[in-house]
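Heads up: the structure comes next, in structure tokens.
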Amino acid sequence: INAEYMGKINLFGLFNILLLMKKEAAYFSEGIVPLDGGDPQIYSKKVPFHPFSYLRVNNANTIPEEEKQFLPHSPPPTYLNETEIYSRLFTKKEDIFKASSMVVDKENGGVKMVDLELVTSQRSMFAEMMSKLGKSVFSANTMGFSVPIRMLESRSDLDRLAEFFRIMGFFLYKSATLTDKLERLKLITTAAIAVSYILLRKQKSFNPIMGETLQASLADGAQVYCEQVSHHPPVSAVYVVGPNKSYVAYGHLAYDPKFNGTYMLIQMNYKLTIKFRDGHEVVILTRPNVKVYGFLSGDRRALMKGMSHIEDKTLKLRSVSFFDYGEKKGLISSEKTAPKDAIEGIIYAPTGKAFNAEAKRIDDLDDIKKELARIKASWLDRIEINSVIYWDIDKLSPQRMIYANNPIPSDWRFREDLVWLRRGRYDLGDSWKDALEIRQRRDQKLRDENAAKSVSYTHLTLPTILLVQIPVV
């Protein structure tokens, strides 16, 4: 829905949108094959946009004069076929590491990239960006500039967010079969840690367009819905319904990268609420940040730093796991007491005192009333709670994720820049990426200008349009 129409939509208008979507659903099968010409990757050499393009301004596919400045200088691609869509999803640990060009860094902890050709290429492009932005960027937020398409992975951040549940889903569903709420908390604690390794990739994924969506299901039957709900700062929302409505999980994720000259710190502003049928509610409040070294020189390494903080709202308990806790700083030097991928944690009943959000290890917590369990883990190996193994990286593979066959028009798979990148056509992808970013900035300006003079409505995409489809626990 284009920004100029926001605030003007009533229920009658919503019904019209639903009817239009039903009419346009027929385009999906058509969009996989060319509309004209003989190139299987080009949708049309005559029509400027494919059916679900974010740049498309009306149903007739015509372009008003004032919109022509936003046109990309390359043709629209055909939609991704099934083989292309699933080419970036892996279920074996070995394949995940291979696709990421990562190996476990046994010397320093964490992981290390071994694709030196890619590192050299990214380093050159990164240095060029830094020189253009000036020295001030070294202490600034890096969300405000455009990343060259060659530095990106041909996936959306929504796809990466949904991928959390390829591992978390196992533990959430198992939790739903139990009546022991403390055991549920242990399993959710395990899920929050075990998902870490699957998130590391050698390239950044695309920031989703405002209103961009994802619809998928997991092999166990869970339904996953994601939507981009904020353009700046970029915030992605997620809603998951467990198999047989056994649980619901909903929340948001926002990446906040900062570069300080030595490493990139990717802060993960994250919250996920999990509710079970019996009313049991658990909230994951924080995830550890990601530190990436070697953008300008040295080895490209990545590790997790920070805490996973979980609160059981029903039992009034806390679960806190510290990543890379094993460095104690003294007045003169620091002492390394554990590998950087090591984790220590605790499940406890709190005293009621305020939680210490700056804690780096268990010893820093001063609100422990009663200890209920100890956590010892590595996010690259296994997780033990009270000496019982809850997860082993070699024994539990991520489950398969199945994308919806007929998604709504805002689905991530219809992004022209992403499609061209997945097919290795950087020149065509850059043209569409520039056009989409110009349109996003224009739409954001219109939203800001109209915010004060119209009724505020949420973006009428996934949550509203799928309201009748999403089951309630």
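Residue numbering restarts at 1 in every chain; chains get A, B, ... in the order shown in the structure tokens, and ligands count up from 1 in that same order.
Neighbouring residues of A:Thr91 at 7 Å or closer, counting only C-alpha atoms and skipping chain neighbours under 3 positions away, are A:Ser397, A:Pro398, A:Gln399, A:Arg400.
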Exercise for review: Can you pull out every residue within 8 Å of stretch 313-329 of chain A, counting only C-alpha atoms, but drop anything in the same chain fewer than 3 positions away, and send it as a ChimeraX atom specification?
Suggested key: /A:181-182,185,189,280-283,288,304-310,332-350,360-362,375
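Distances to A:Tyr79 were evaluated for A:Lys370, A:His50, A:Lys106, A:Lys45 using only C-alpha atoms, and the minimum falls at A:His50.
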Revision key, fill the gap. Restricting to only C-alpha atoms, whichever of A:Phe52, A:Trp379, A:Phe165, A:Tyr390 is closest to A:Leu200 is A:Trp379
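Excluding A:Ser44 itself and same-chain residues fewer than 6 positions from it, the residues having an atom within 8 Å of it are Pro34, Leu35, Asp36, Gly37, His50, Pro75, Pro76 and Pro77 of chain A, counting only C-alpha atoms.
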Practice item. For atom CA of A:Asp417 and atom CA of A:Phe49, determine how far apart the two atoms are, in Å to one decimal place. Key: 12.2 Å
Which residues of stretch 262-312 of chain A come within 10 Å of stretch 235-243 of chain A, and for each one, what is the closest pair of atoms and their distance in Å to one decimal, counting only C-alpha atoms, sorted by chain and residue number, as JSON lines?
```
{"residue": "A:Asn269", "atom": "CA", "partner": "A:Val235", "partner_atom": "CA", "distance": 9.0}
{"residue": "A:Tyr270", "atom": "CA", "partner": "A:Val235", "partner_atom": "CA", "distance": 9.6}
{"residue": "A:Lys271", "atom": "CA", "partner": "A:Ala237", "partner_atom": "CA", "distance": 9.7}
{"residue": "A:Leu272", "atom": "CA", "partner": "A:Val238", "partner_atom": "CA", "distance": 8.6}
{"residue": "A:Thr273", "atom": "CA", "partner": "A:Tyr239", "partner_atom": "CA", "distance": 9.6}
{"residue": "A:Ile274", "atom": "CA", "partner": "A:Val240", "partner_atom": "CA", "distance": 9.2}
{"residue": "A:Lys275", "atom": "CA", "partner": "A:Val241", "partner_atom": "CA", "distance": 9.9}
{"residue": "A:Phe276", "atom": "CA", "partner": "A:Gly242", "partner_atom": "CA", "distance": 9.3}
```
Mind writing the picked residues with C-alpha atoms as an mmCIF file, in the first residue's frame?
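And here's again-v6.cif as it stands now:
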```
data_model
loop_
_atom_site.group_PDB
_atom_site.id
_atom_site.type_symbol
_atom_site.label_atom_id
_atom_site.label_comp_id
_atom_site.auth_asym_id
_atom_site.auth_seq_id
_atom_site.Cartn_x
_atom_site.Cartn_y
_atom_site.Cartn_z
ATOM 1 C CA ASN A 269 17.519 -5.347 20.147
ATOM 2 C CA TYR A 270 15.295 -8.358 20.607
ATOM 3 C CA LYS A 271 12.194 -9.382 22.514
ATOM 4 C CA LEU A 272 10.127 -12.550 22.165
ATOM 5 C CA THR A 273 7.059 -13.429 24.236
ATOM 6 C CA ILE A 274 6.029 -17.094 24.402
ATOM 7 C CA LYS A 275 2.600 -18.150 25.666
ATOM 8 C CA PHE A 276 1.351 -21.693 26.218
#
```
Exercise for review: For A:Trp432, list every protein, DNA or RNA residue within 8 Å, evaluated using only C-alpha atoms, and leave out those in the same chain fewer than 5 positions away; present the list as number ranges by chain.
Suggested key: A: 72-74, 416-417
Point to revise | Pick from A:Val248, A:Val224, A:Met151, A:Met102, whichever lies nearest to A:Val114 using only C-alpha atoms | key: A:Met102
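Across the structure, atom CA of A:Ile266 and atom CA of A:Glu163 are spaced 17.9 Å apart.
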Check your understanding: Among stretch 285-463 of chain A, which residues carry a DSSP assignment of strand (DSSP E or B), reported as an MDAnalysis selection string?
Key -> chainID A and resid 285:286 289:293 301:312 317:323 327:329 334:336 342:350 368:378 382:385 388:392 401:403 411
